[in-house]
file entry-v5.cif (mmCIF, C-alpha atoms and all ligand atoms)
data_target
#
loop_
_atom_site.label_atom_id
_atom_site.label_comp_id
_atom_site.auth_asym_id
_atom_site.auth_seq_id
_atom_site.Cartn_x
_atom_site.Cartn_y
_atom_site.Cartn_z
CA MET A 1 49.49 0.25 106.54
CA ILE A 2 46.10 1.87 107.06
CA THR A 3 43.97 2.67 104.02
CA ALA A 4 41.18 5.16 103.32
CA ALA A 5 38.71 2.25 103.42
CA ASP A 6 39.97 1.28 106.91
CA ILE A 7 39.49 4.88 108.10
CA LYS A 8 35.90 4.89 106.81
CA ARG A 9 35.15 1.62 108.57
CA LEU A 10 36.62 3.00 111.81
CA ALA A 11 34.63 6.24 111.41
CA LYS A 12 31.45 4.18 111.26
CA GLU A 13 32.59 2.27 114.35
CA ALA A 14 33.15 5.60 116.15
CA GLY A 15 29.55 6.55 115.32
CA PHE A 16 29.89 8.93 112.35
CA ASP A 17 27.24 9.06 109.64
CA LEU A 18 29.64 10.30 106.96
CA CYS A 19 33.37 10.24 106.34
CA GLY A 20 35.31 11.57 103.36
CA ILE A 21 38.99 12.17 102.74
CA THR A 22 40.71 15.04 101.00
CA THR A 23 44.08 16.75 100.63
CA PRO A 24 45.14 19.87 102.54
CA GLU A 25 45.86 22.42 99.84
CA VAL A 26 44.30 25.89 99.81
CA ILE A 27 40.92 26.08 98.01
CA PRO A 28 41.24 29.41 96.17
CA GLU A 29 37.46 30.00 95.76
CA ALA A 30 36.82 29.33 99.46
CA LYS A 31 39.74 31.54 100.55
CA GLU A 32 38.48 34.35 98.37
CA ALA A 33 34.87 33.93 99.60
CA TYR A 34 36.01 34.06 103.23
CA GLU A 35 38.26 37.10 102.72
CA ARG A 36 35.47 38.95 100.95
CA TRP A 37 33.03 38.01 103.73
CA LEU A 38 35.40 39.51 106.32
CA ALA A 39 36.10 42.62 104.22
CA GLU A 40 32.33 43.23 103.99
CA GLN A 41 32.13 42.94 107.82
CA HIS A 42 29.62 40.09 107.50
CA HIS A 43 31.14 38.51 110.62
CA GLY A 44 29.78 41.31 112.85
CA GLU A 45 31.16 40.86 116.35
CA LEU A 46 32.48 37.32 115.78
CA ALA A 47 36.04 38.50 116.53
CA TYR A 48 37.44 34.96 116.34
CA MET A 49 36.45 34.78 112.66
CA ALA A 50 38.85 37.63 111.88
CA ARG A 51 41.77 36.04 113.78
CA ASP A 52 44.03 33.29 112.47
CA THR A 53 42.97 34.13 108.92
CA GLN A 54 46.00 32.51 107.28
CA ARG A 55 45.65 29.29 109.23
CA ARG A 56 41.90 29.20 108.52
CA THR A 57 42.47 29.25 104.78
CA ASP A 58 45.56 27.04 104.63
CA PRO A 59 45.42 23.67 106.44
CA THR A 60 49.14 23.07 105.81
CA ARG A 61 49.66 25.62 108.61
CA LEU A 62 47.64 23.54 111.05
CA LEU A 63 50.06 20.63 111.36
CA PRO A 64 53.63 20.25 110.05
CA GLY A 65 53.79 17.44 107.49
CA VAL A 66 50.02 17.26 107.00
CA ARG A 67 49.03 15.05 104.05
CA SER A 68 45.33 14.34 104.51
CA ILE A 69 42.13 15.74 105.99
CA ILE A 70 39.50 13.30 107.22
CA CYS A 71 36.11 15.06 107.08
CA LEU A 72 33.35 13.74 109.32
CA ALA A 73 29.65 14.42 109.81
CA LEU A 74 26.84 13.57 112.24
CA ASN A 75 23.11 13.80 111.44
CA TYR A 76 21.15 15.84 114.00
CA TYR A 77 17.74 16.17 112.32
CA HIS A 78 14.54 16.43 114.39
CA PRO A 79 11.13 17.16 112.87
CA ASP A 80 9.24 20.27 114.09
CA SER A 81 5.82 20.19 115.78
CA ASP A 82 3.13 22.16 113.95
CA LYS A 83 2.11 24.29 116.92
CA ILE A 84 4.15 26.28 119.41
CA PRO A 85 2.69 26.19 122.94
CA ALA A 86 1.63 29.68 124.09
CA GLY A 87 4.37 31.60 125.86
CA HIS A 88 7.07 29.27 124.54
CA GLY A 89 9.92 29.88 122.14
CA ARG A 90 11.20 27.41 119.56
CA VAL A 91 14.78 26.15 119.79
CA SER A 92 16.52 25.36 116.51
CA LYS A 93 17.08 21.71 115.78
CA TYR A 94 20.81 21.72 116.35
CA ALA A 95 20.45 22.84 119.97
CA ARG A 96 17.70 20.59 121.34
CA GLY A 97 19.88 17.84 122.83
CA LYS A 98 23.34 17.71 124.37
CA ASP A 99 25.88 20.32 123.23
CA TYR A 100 27.09 19.02 119.86
CA HIS A 101 30.60 20.37 120.38
CA LYS A 102 31.09 17.88 123.20
CA VAL A 103 29.41 15.04 121.33
CA ILE A 104 31.29 15.38 118.06
CA GLU A 105 34.59 16.13 119.78
CA LYS A 106 34.30 12.95 121.86
CA LYS A 107 33.56 10.86 118.76
CA THR A 108 36.39 12.55 116.83
CA ARG A 109 38.85 11.82 119.64
CA ALA A 110 37.60 8.22 119.79
CA LEU A 111 38.23 7.87 116.06
CA VAL A 112 41.78 9.22 116.43
CA ALA A 113 42.37 6.61 119.16
CA LEU A 114 41.05 3.83 116.88
CA ILE A 115 43.27 5.00 114.01
CA ARG A 116 46.31 5.24 116.30
CA LYS A 117 45.76 1.66 117.44
CA HIS A 118 45.71 0.60 113.81
CA VAL A 119 48.90 2.43 112.83
CA THR A 120 51.24 1.49 115.65
CA ASP A 121 53.58 -0.09 113.08
CA ASP A 122 53.61 2.93 110.75
CA GLY A 123 56.08 4.93 112.84
CA GLU A 124 55.41 8.50 113.89
CA VAL A 125 51.96 9.69 112.79
CA ASP A 126 50.53 13.08 113.77
CA PHE A 127 46.92 14.09 114.22
CA LYS A 128 45.04 17.23 115.14
CA TRP A 129 41.27 17.53 115.19
CA PHE A 130 38.92 20.45 114.72
CA VAL A 131 35.33 21.01 115.72
CA ASP A 132 33.44 24.14 114.73
CA TYR A 133 35.48 26.68 116.72
CA GLY A 134 38.84 25.61 115.20
CA PRO A 135 40.44 27.72 112.44
CA MET A 136 39.09 25.66 109.55
CA LEU A 137 36.74 26.37 106.64
CA GLU A 138 34.80 23.25 107.48
CA ARG A 139 32.17 23.30 104.73
CA ALA A 140 34.65 23.99 101.94
CA TYR A 141 36.81 20.97 102.92
CA ALA A 142 33.77 18.77 103.53
CA GLU A 143 32.62 19.61 100.01
CA LYS A 144 36.08 18.85 98.63
CA ALA A 145 35.98 15.49 100.45
CA GLY A 146 32.74 14.64 98.63
CA LEU A 147 30.36 14.97 101.61
CA GLY A 148 27.95 17.29 99.81
CA TYR A 149 27.54 20.52 97.89
CA ILE A 150 27.34 24.06 99.24
CA GLY A 151 23.87 25.49 98.70
CA LYS A 152 22.69 29.08 98.29
CA ASN A 153 21.97 29.16 102.03
CA SER A 154 25.71 28.38 102.44
CA MET A 155 24.93 25.00 104.04
CA LEU A 156 26.67 21.77 103.11
CA ILE A 157 23.88 19.59 101.69
CA ASN A 158 24.32 15.83 101.46
CA LYS A 159 22.40 13.45 99.24
CA ARG A 160 21.29 11.18 102.12
CA PHE A 161 20.93 13.56 105.07
CA GLY A 162 20.35 17.01 103.62
CA SER A 163 22.08 19.81 105.53
CA TRP A 164 21.21 18.67 109.07
CA LEU A 165 24.80 17.74 109.74
CA PHE A 166 27.49 18.69 112.22
CA LEU A 167 31.01 18.66 110.84
CA SER A 168 34.46 17.91 112.26
CA GLU A 169 37.86 17.14 110.77
CA ILE A 170 41.03 15.23 111.55
CA VAL A 171 44.17 16.65 109.99
CA THR A 172 46.92 14.04 109.76
CA SER A 173 50.35 13.24 108.38
CA LEU A 174 48.99 9.90 107.10
CA GLU A 175 48.97 9.58 103.32
CA LEU A 176 45.46 8.45 102.33
CA THR A 177 43.78 8.13 98.95
CA PRO A 178 41.48 11.19 98.67
CA ASP A 179 37.84 10.90 97.63
CA ASP A 180 36.73 12.18 94.27
CA ARG A 181 34.46 15.11 95.13
CA PHE A 182 32.33 14.44 92.07
CA ALA A 183 31.93 10.69 92.68
CA ILE A 184 28.49 11.22 94.25
CA ASP A 185 26.03 13.63 92.65
CA HIS A 186 24.63 15.52 95.64
CA GLY A 187 22.41 17.70 93.45
CA LYS A 188 22.40 21.47 92.99
CA CYS A 189 20.25 24.48 93.83
CA GLY A 190 19.59 25.26 90.18
CA LYS A 191 17.29 28.26 89.86
CA CYS A 192 15.71 27.77 93.30
CA ARG A 193 15.98 30.80 95.60
CA ALA A 194 13.59 29.63 98.36
CA CYS A 195 16.13 30.16 101.16
CA LEU A 196 16.94 33.72 100.07
CA VAL A 197 13.27 34.59 99.71
CA GLN A 198 12.07 32.97 102.95
CA CYS A 199 14.79 34.26 105.28
CA PRO A 200 12.78 36.70 107.44
CA THR A 201 15.69 39.10 107.90
CA GLU A 202 17.15 38.95 104.37
CA ALA A 203 20.39 37.65 105.82
CA ILE A 204 21.39 35.75 102.65
CA VAL A 205 22.70 38.74 100.79
CA GLU A 206 23.76 36.83 97.68
CA ASP A 207 23.94 33.17 96.65
CA GLY A 208 25.97 31.35 99.32
CA VAL A 209 26.74 34.49 101.35
CA VAL A 210 25.21 35.00 104.80
CA ASP A 211 25.58 38.35 106.53
CA ALA A 212 25.82 37.12 110.11
CA ARG A 213 24.71 40.51 111.44
CA ARG A 214 21.23 39.91 110.00
CA CYS A 215 21.02 36.13 110.63
CA ILE A 216 18.60 35.15 113.45
CA SER A 217 21.06 32.49 114.51
CA TYR A 218 23.71 35.15 115.14
CA LEU A 219 21.25 37.59 116.69
CA THR A 220 19.87 35.10 119.23
CA ILE A 221 23.10 33.23 120.03
CA GLU A 222 26.16 35.33 119.35
CA ARG A 223 25.14 38.99 119.48
CA PRO A 224 26.06 40.36 122.90
CA SER A 225 23.94 43.51 122.82
CA ALA A 226 20.27 44.39 122.25
CA ILE A 227 18.71 43.21 118.97
CA PRO A 228 17.52 46.15 116.82
CA ASP A 229 13.70 46.33 116.68
CA HIS A 230 13.46 46.02 112.90
CA LEU A 231 15.14 42.58 113.14
CA ALA A 232 13.59 41.50 116.46
CA ASP A 233 10.12 42.06 114.95
CA ARG A 234 10.89 39.38 112.36
CA MET A 235 12.10 36.72 114.80
CA GLY A 236 8.61 35.36 115.49
CA SER A 237 8.85 32.71 118.21
CA LEU A 238 12.49 31.80 117.62
CA ILE A 239 14.18 31.93 121.00
CA PHE A 240 17.49 30.29 120.09
CA GLY A 241 18.92 29.78 116.60
CA CYS A 242 17.02 29.49 113.34
CA ASP A 243 16.35 26.77 110.75
CA ILE A 244 14.26 28.72 108.24
CA CYS A 245 16.80 28.71 105.39
CA GLN A 246 17.16 24.95 105.76
CA ILE A 247 13.44 24.23 106.11
CA ALA A 248 12.80 26.40 103.04
CA CYS A 249 15.06 24.19 100.94
CA PRO A 250 12.96 21.63 99.03
CA HIS A 251 16.05 19.69 98.11
CA ASN A 252 17.03 19.43 101.75
CA ASN A 253 13.64 18.46 103.08
CA ARG A 254 13.26 15.44 100.89
CA ARG A 255 16.39 14.10 102.50
CA SER A 256 15.78 14.68 106.21
CA ARG A 257 15.87 11.59 108.39
CA PRO A 258 15.61 11.69 112.20
CA THR A 259 18.89 11.45 114.05
CA GLN A 260 19.78 8.09 115.55
CA HIS A 261 22.26 9.57 118.04
CA PRO A 262 20.91 9.26 121.60
CA GLU A 263 22.97 12.33 122.64
CA PHE A 264 20.69 14.54 120.54
CA ALA A 265 17.45 13.19 122.05
CA TYR A 266 15.27 15.89 123.65
CA GLU A 267 15.69 14.32 127.11
CA GLN A 268 19.41 15.07 126.89
CA GLY A 269 18.79 18.80 126.56
CA VAL A 270 16.04 21.43 126.47
CA GLY A 271 13.97 19.87 123.67
CA GLU A 272 12.00 21.76 121.02
CA PHE A 273 10.43 24.50 123.19
CA VAL A 274 11.50 26.67 126.06
CA ASP A 275 9.03 28.41 128.38
CA ALA A 276 9.83 32.10 127.81
CA ARG A 277 8.16 33.14 131.06
CA ARG A 278 10.24 30.66 133.03
CA VAL A 279 13.36 32.20 131.45
CA LEU A 280 12.23 35.68 132.46
CA ARG A 281 11.63 34.56 136.05
CA MET A 282 15.22 33.31 136.41
CA GLN A 283 17.33 35.42 138.70
CA THR A 284 20.45 33.40 139.36
CA ARG A 285 23.05 31.60 137.30
CA GLU A 286 22.04 28.40 139.11
CA GLU A 287 18.46 28.68 137.85
CA PHE A 288 19.77 29.38 134.34
CA LEU A 289 22.08 26.35 134.44
CA GLU A 290 19.33 24.12 135.79
CA LEU A 291 17.69 24.50 132.36
CA THR A 292 20.69 24.94 130.07
CA ALA A 293 23.76 23.11 131.49
CA GLY A 294 25.45 20.86 128.94
CA THR A 295 23.46 22.35 126.03
CA PRO A 296 24.31 25.09 123.49
CA LEU A 297 21.85 27.42 125.29
CA THR A 298 24.52 28.43 127.82
CA ARG A 299 26.21 30.45 125.05
CA PRO A 300 24.19 33.71 125.22
CA LYS A 301 24.20 33.59 129.05
CA LEU A 302 21.15 34.43 131.12
CA ASP A 303 21.01 38.04 129.86
CA GLY A 304 20.99 36.99 126.22
CA LEU A 305 18.36 34.28 126.68
CA GLN A 306 16.14 36.69 128.61
CA ARG A 307 16.50 39.26 125.82
CA ASN A 308 15.33 36.61 123.34
CA ALA A 309 12.46 35.50 125.61
CA ARG A 310 11.21 39.09 125.85
CA ILE A 311 11.20 39.41 122.05
CA VAL A 312 9.32 36.12 121.61
CA LEU A 313 6.61 37.12 124.09
CA LYS A 314 6.28 40.55 122.45
CA ASN A 315 6.00 39.02 118.98
CA GLN A 316 3.38 36.51 120.17
CA LYS A 317 1.35 39.25 121.86
CA GLU A 318 1.39 41.38 118.71
CA ARG A 319 0.45 38.41 116.52
CA ASP A 320 -2.50 37.46 118.74
C1 LIG B 1 30.67 31.71 111.87
C2 LIG B 1 29.66 30.58 111.79
C3 LIG B 1 28.31 30.92 111.81
C4 LIG B 1 27.82 32.36 111.68
C5 LIG B 1 27.96 32.79 110.21
C6 LIG B 1 27.34 31.79 109.22
C7 LIG B 1 27.97 31.77 107.84
N1 LIG B 1 27.16 31.36 106.88
O1 LIG B 1 29.14 32.06 107.68
C8 LIG B 1 26.37 32.26 112.22
C9 LIG B 1 26.36 32.55 113.71
C10 LIG B 1 25.35 33.16 111.54
C11 LIG B 1 26.10 30.76 111.99
C12 LIG B 1 24.84 30.23 111.85
C13 LIG B 1 24.58 28.87 111.67
N2 LIG B 1 25.45 27.87 111.75
CO1 LIG B 1 27.37 28.16 111.86
N3 LIG B 1 29.24 28.25 111.76
C14 LIG B 1 30.09 29.23 111.70
C15 LIG B 1 31.54 28.73 111.55
C16 LIG B 1 32.22 28.81 112.93
C17 LIG B 1 32.38 29.44 110.50
C18 LIG B 1 31.67 29.60 109.14
C19 LIG B 1 32.49 30.42 108.18
O2 LIG B 1 33.64 30.12 107.93
N4 LIG B 1 31.91 31.49 107.65
C20 LIG B 1 32.55 32.32 106.67
C21 LIG B 1 31.90 32.07 105.34
C22 LIG B 1 32.60 32.91 104.25
O3 LIG B 1 32.09 30.71 105.09
P1 LIG B 1 30.91 29.71 104.65
O4 LIG B 1 29.59 30.35 104.85
O5 LIG B 1 31.14 28.39 105.33
O6 LIG B 1 31.17 29.66 103.12
C23 LIG B 1 32.16 28.87 102.54
C24 LIG B 1 31.67 28.22 101.27
O7 LIG B 1 30.48 28.83 100.85
C25 LIG B 1 32.83 28.39 100.34
N5 LIG B 1 32.51 28.89 99.03
C26 LIG B 1 31.85 29.97 98.68
N6 LIG B 1 31.82 30.07 97.37
C27 LIG B 1 32.46 29.02 96.87
C28 LIG B 1 32.68 28.62 95.59
C29 LIG B 1 33.40 27.46 95.40
C30 LIG B 1 33.61 27.05 94.02
C31 LIG B 1 33.87 26.69 96.49
C32 LIG B 1 34.63 25.45 96.31
C33 LIG B 1 33.62 27.11 97.79
C34 LIG B 1 32.90 28.27 97.95
O8 LIG B 1 33.74 29.31 100.86
C35 LIG B 1 33.30 29.78 102.07
C36 LIG B 1 34.51 29.75 102.97
O9 LIG B 1 34.93 28.41 103.11
C37 LIG B 1 31.30 27.24 111.11
C38 LIG B 1 32.34 26.23 111.59
C39 LIG B 1 33.61 26.33 110.79
N7 LIG B 1 34.73 26.36 111.46
O10 LIG B 1 33.58 26.37 109.55
C40 LIG B 1 29.89 26.92 111.69
C41 LIG B 1 28.93 26.05 110.82
C42 LIG B 1 29.03 26.56 109.41
N8 LIG B 1 27.62 26.35 111.36
C43 LIG B 1 26.82 25.34 111.36
C44 LIG B 1 25.45 25.41 111.72
C45 LIG B 1 24.74 24.10 112.00
C46 LIG B 1 24.79 26.66 111.80
C47 LIG B 1 23.27 26.92 111.91
C48 LIG B 1 22.40 25.94 111.14
C49 LIG B 1 22.86 26.94 113.41
C50 LIG B 1 21.41 27.29 113.69
N9 LIG B 1 20.45 26.41 113.42
O11 LIG B 1 21.10 28.36 114.17
C51 LIG B 1 23.19 28.36 111.34
C52 LIG B 1 23.02 28.34 109.80
C53 LIG B 1 23.08 29.70 109.16
C54 LIG B 1 23.66 29.65 107.74
N10 LIG B 1 22.82 29.59 106.73
O12 LIG B 1 24.90 29.64 107.61
C55 LIG B 1 27.50 24.09 110.81
C56 LIG B 1 27.00 23.87 109.37
C57 LIG B 1 26.92 22.43 108.91
C58 LIG B 1 26.46 22.33 107.47
N11 LIG B 1 25.76 21.27 107.16
O13 LIG B 1 26.73 23.18 106.63
C59 LIG B 1 29.01 24.47 110.94
C60 LIG B 1 29.92 23.87 109.88
C61 LIG B 1 29.44 24.03 112.36
C62 LIG B 1 29.71 22.53 112.50
N12 LIG B 1 30.93 22.18 112.88
O14 LIG B 1 28.91 21.71 112.24
N13 LIG B 1 27.25 30.06 111.90
#
call {"tool": "encode", "arguments": {"input": "entry-v5.cif", "output": "structure tokens"}}
result
Amino acid sequence: MITAADIKRLAKEAGFDLCGITTPEVIPEAKEAYERWLAEQHHGELAYMARDTQRRTDPTRLLPGVRSIICLALNYYHPDSDKIPAGHGRVSKYARGKDYHKVIEKKTRALVALIRKHVTDDGEVDFKWFVDYGPMLERAYAEKAGLGYIGKNSMLINKRFGSWLFLSEIVTSLELTPDDRFAIDHGKCGKCRACLVQCPTEAIVEDGVVDARRCISYLTIERPSAIPDHLADRMGSLIFGCDICQIACPHNNRRSRPTQHPEFAYEQGVGEFVDARRVLRMQTREEFLELTAGTPLTRPKLDGLQRNARIVLKNQKERD
């Protein structure tokens, strides 16, 4: 019989920084927060967020006979340089190396294989795994599994790593002893409102609630159309994604420690800066992929990245 302690040991072996276990029942506060977020149209044009709503809020619909959720996390932190080279845009920390979807999915699959090997005598055991784009409220279950607390910037913040974490989950029919979510004191935001105050586009509309339509991450990565001037003017040199609400967090910053995962090294992707003029000179998909293949920067396609590059150059010109 496999135990929760065995799973945690195997998770470490598979390369995860954190592993916690919880049970699959609905979390009423998270369900309500998500439904309210959708009703307020905070998801903008993220159509997938409005699909599969029942499955997203109720993990028992994800796998028949589910008994446990194994919540996993990988640290991706990179420090920022003080200066941005002229004509360059800054890439947010999560996107500087190899595409994390591929990295965390591979490790999650590897962990399922390790667990399967261990449970060959336990009869039929089912697994399904989820990474980011799956219908799962990842932060709410990670919090329930004791991996951290949800801050006012809506990020899951862990005592050892801060919020610089990618999440994934394995949903399984195995019966495992769940973690006590309060066993580790991960801290709290208290009266601090630094993330709300420092967000350049006022995207954090109330504690823990991000209006994606105003978030620079959404605008530069997910928004298919032109970015309205009043928001573009506040993007500064951010060409892809944004870390301001995480950098603003004093609690978080004390806990940052550089990632040890070679997949997230700058050489594996675009690194911290992208030459905005080079992006504007690109004319073919091949040129675009030469820079972005295998990284999250393929997401907005050439058109989207060029739109961002134009904004960065305009903002730099106005600043200087
Ligand atoms: C849609 C999405 C976005 C959207 C919307 C962001 C948002 N805040 O919702 C956009 C494009 C803006 C975005 C941006 C980013 N994202 Co994103 N995103 C997602 C995605 C796919 C869904 C999030 C979601 O469900 N939103 C709906 C709202 C309502 O949910 P929520 O913000 O998570 O809030 C929950 C809790 O606050 C909880 N809750 C609220 N109140 C209460 C009260 C109680 C008592 C309890 C228990 C719970 C609770 O309920 C809510 C629903 O579960 C998740 C992956 C996933 N499947 O979960 C990744 C995810 C959240 N993103 C991630 C990352 C890394 C980012 C960026 C940092 C990327 C970047 N650098 O540009 C930014 C951060 C911006 C921010 N502050 O959120 C990580 C976050 C990891 C972490 N440590 O928290 C995730 C988990 C992806 C992953 N697998 O690692 N993202």
call {"tool": "residues_near_ligand", "arguments": {"input": "entry-v5.cif", "ligand": "ligand LIG 1 (chain B)", "cutoff": "7 Å", "atoms": "all atoms listed in the file", "output": "NGL selection string"}}
result
:A and (27 or 29-31 or 33-34 or 37 or 43 or 49 or 92-94 or 131-140 or 150 or 153-157 or 163-168 or 208-210 or 212 or 215 or 217-218 or 222 or 241-243 or 245)
call {"tool": "residues_around", "arguments": {"input": "entry-v5.cif", "residues": "Glu263 (chain A)", "least_positions_apart": "4", "cutoff": "12 Å", "atoms": "only C-alpha atoms", "output": "list in words"}}
result
Gly15, Leu74, Asn75, Tyr76, Tyr94, Ala95, Arg96, Gly97, Lys98, Asp99, Tyr100, His101, Lys102, Val103, Ile104, Lys106, Lys107, Thr259, Glu267, Gln268, Gly269, Gly271, Gly294 and Thr295 of chain A
call {"tool": "closest_residue", "arguments": {"input": "entry-v5.cif", "among": "A:Arg56, A:Thr292, A:His42, A:Cys71", "to": "Pro178 (chain A)", "atoms": "all atoms listed in the file"}}
result
A:Cys71
call {"tool": "closest_residue", "arguments": {"input": "entry-v5.cif", "among": "A:Asn252, A:Ala50, A:Gln316, A:Thr120", "to": "Leu38 (chain A)", "atoms": "only C-alpha atoms"}}
result
A:Ala50
call {"tool": "atom_distance", "arguments": {"input": "entry-v5.cif", "atom1": "CA of Arg214 (chain A)", "atom2": "CA of Gln306 (chain A)"}}
result
19.6 Å
call {"tool": "residues_around", "arguments": {"input": "entry-v5.cif", "residues": "Ile227 (chain A)", "least_positions_apart": "4", "cutoff": "12 Å", "atoms": "all atoms listed in the file", "output": "PyMOL selection string"}}
result
chain A and resi 213-223+231-235+304-311
call {"tool": "residues_around", "arguments": {"input": "entry-v5.cif", "residues": "region 7-11 of chain A", "least_positions_apart": "4", "cutoff": "9 Å", "atoms": "only C-alpha atoms", "output": "PyMOL selection string"}}
result
chain A and resi 2-3+15-21+70+72+107-108+111+114-115
call {"tool": "write_last_selection", "arguments": {"input": "entry-v5.cif", "atoms": "C-alpha atoms", "output": "compact mmCIF listing (two decimals), keeping the file's coordinate frame"}}
result
# COMPACT_ATOMS: atom_id res chain seq x y z
CA ILE A 2 46.10 1.87 107.06
CA THR A 3 43.97 2.67 104.02
CA GLY A 15 29.55 6.55 115.32
CA PHE A 16 29.89 8.93 112.35
CA ASP A 17 27.24 9.06 109.64
CA LEU A 18 29.64 10.30 106.96
CA CYS A 19 33.37 10.24 106.34
CA GLY A 20 35.31 11.57 103.36
CA ILE A 21 38.99 12.17 102.74
CA ILE A 70 39.50 13.30 107.22
CA LEU A 72 33.35 13.74 109.32
CA LYS A 107 33.56 10.86 118.76
CA THR A 108 36.39 12.55 116.83
CA LEU A 111 38.23 7.87 116.06
CA LEU A 114 41.05 3.83 116.88
CA ILE A 115 43.27 5.00 114.01
call {"tool": "residues_around", "arguments": {"input": "entry-v5.cif", "residues": "Phe273 (chain A)", "least_positions_apart": "4", "cutoff": "10 Å", "atoms": "only C-alpha atoms", "output": "PyMOL selection string"}}
result
chain A and resi 81+84-85+87-92+96+237-240+266
call {"tool": "closest_residue", "arguments": {"input": "entry-v5.cif", "among": "A:Lys314, A:Arg254, A:Arg55, A:Lys144", "to": "Arg277 (chain A)", "atoms": "all atoms listed in the file"}}
result
A:Lys314
call {"tool": "closest_residue", "arguments": {"input": "entry-v5.cif", "among": "A:Ile204, A:His251, A:Phe127, A:Asp179", "to": "Phe161 (chain A)", "atoms": "only C-alpha atoms"}}
result
A:His251
call {"tool": "atom_distance", "arguments": {"input": "entry-v5.cif", "atom1": "CA of Arg281 (chain A)", "atom2": "CA of Lys301 (chain A)"}}
result
14.4 Å
call {"tool": "closest_residue", "arguments": {"input": "entry-v5.cif", "among": "A:Gly151, A:Leu289, A:Pro228, A:Ile184", "to": "Leu196 (chain A)", "atoms": "only C-alpha atoms"}}
result
A:Gly151
call {"tool": "residues_around", "arguments": {"input": "entry-v5.cif", "residues": "Ala194 (chain A)", "least_positions_apart": "5", "cutoff": "9 Å", "atoms": "all atoms listed in the file", "output": "mmCIF file with C-alpha atoms, in the coordinates of the input"}}
result
data_model
loop_
_atom_site.group_PDB
_atom_site.id
_atom_site.type_symbol
_atom_site.label_atom_id
_atom_site.label_comp_id
_atom_site.auth_asym_id
_atom_site.auth_seq_id
_atom_site.Cartn_x
_atom_site.Cartn_y
_atom_site.Cartn_z
ATOM 1 C CA CYS A 199 14.790 34.260 105.280
ATOM 2 C CA CYS A 245 16.800 28.710 105.390
ATOM 3 C CA ALA A 248 12.800 26.400 103.040
ATOM 4 C CA CYS A 249 15.060 24.190 100.940
ATOM 5 C CA PRO A 250 12.960 21.630 99.030
#
call {"tool": "decode", "arguments": {"input": "entry-v5.cif", "residues": "region 154-167 of chain A", "atoms": "N, CA and C atoms", "output": "PDB file, in the first residue's frame"}}
result
ATOM      1  N   SER A 154      -4.055  37.603  -5.363  1.00  0.00           N
ATOM      2  CA  SER A 154      -4.658  36.320  -5.766  1.00  0.00           C
ATOM      3  C   SER A 154      -3.641  35.203  -5.977  1.00  0.00           C
ATOM      4  N   MET A 155      -2.358  35.476  -5.682  1.00  0.00           N
ATOM      5  CA  MET A 155      -1.334  34.439  -5.874  1.00  0.00           C
ATOM      6  C   MET A 155      -1.271  33.500  -4.668  1.00  0.00           C
ATOM      7  N   LEU A 156      -0.897  32.262  -4.934  1.00  0.00           N
ATOM      8  CA  LEU A 156      -0.609  31.318  -3.857  1.00  0.00           C
ATOM      9  C   LEU A 156       0.806  31.599  -3.370  1.00  0.00           C
ATOM     10  N   ILE A 157       0.935  31.950  -2.094  1.00  0.00           N
ATOM     11  CA  ILE A 157       2.235  32.348  -1.545  1.00  0.00           C
ATOM     12  C   ILE A 157       2.691  31.313  -0.515  1.00  0.00           C
ATOM     13  N   ASN A 158       3.878  30.770  -0.761  1.00  0.00           N
ATOM     14  CA  ASN A 158       4.408  29.712   0.104  1.00  0.00           C
ATOM     15  C   ASN A 158       5.498  30.257   1.020  1.00  0.00           C
ATOM     16  N   LYS A 159       5.583  29.683   2.189  1.00  0.00           N
ATOM     17  CA  LYS A 159       6.551  30.143   3.196  1.00  0.00           C
ATOM     18  C   LYS A 159       7.998  30.107   2.700  1.00  0.00           C
ATOM     19  N   ARG A 160       8.370  29.065   1.929  1.00  0.00           N
ATOM     20  CA  ARG A 160       9.774  28.928   1.496  1.00  0.00           C
ATOM     21  C   ARG A 160      10.068  29.591   0.159  1.00  0.00           C
ATOM     22  N   PHE A 161       9.098  29.594  -0.751  1.00  0.00           N
ATOM     23  CA  PHE A 161       9.372  30.042  -2.121  1.00  0.00           C
ATOM     24  C   PHE A 161       8.629  31.309  -2.521  1.00  0.00           C
ATOM     25  N   GLY A 162       7.772  31.829  -1.670  1.00  0.00           N
ATOM     26  CA  GLY A 162       6.946  32.952  -2.098  1.00  0.00           C
ATOM     27  C   GLY A 162       5.930  32.478  -3.124  1.00  0.00           C
ATOM     28  N   SER A 163       5.590  33.369  -4.077  1.00  0.00           N
ATOM     29  CA  SER A 163       4.541  32.994  -5.044  1.00  0.00           C
ATOM     30  C   SER A 163       5.099  32.578  -6.401  1.00  0.00           C
ATOM     31  N   TRP A 164       6.441  32.475  -6.494  1.00  0.00           N
ATOM     32  CA  TRP A 164       7.052  32.174  -7.800  1.00  0.00           C
ATOM     33  C   TRP A 164       6.965  30.686  -8.076  1.00  0.00           C
ATOM     34  N   LEU A 165       5.751  30.197  -8.171  1.00  0.00           N
ATOM     35  CA  LEU A 165       5.535  28.756  -8.275  1.00  0.00           C
ATOM     36  C   LEU A 165       4.575  28.424  -9.403  1.00  0.00           C
ATOM     37  N   PHE A 166       4.891  27.387 -10.152  1.00  0.00           N
ATOM     38  CA  PHE A 166       3.925  26.799 -11.080  1.00  0.00           C
ATOM     39  C   PHE A 166       3.232  25.661 -10.358  1.00  0.00           C
ATOM     40  N   LEU A 167       1.959  25.476 -10.689  1.00  0.00           N
ATOM     41  CA  LEU A 167       1.176  24.445 -10.018  1.00  0.00           C
ATOM     42  C   LEU A 167       0.699  23.365 -10.990  1.00  0.00           C
TER      43      LEU A 167
END
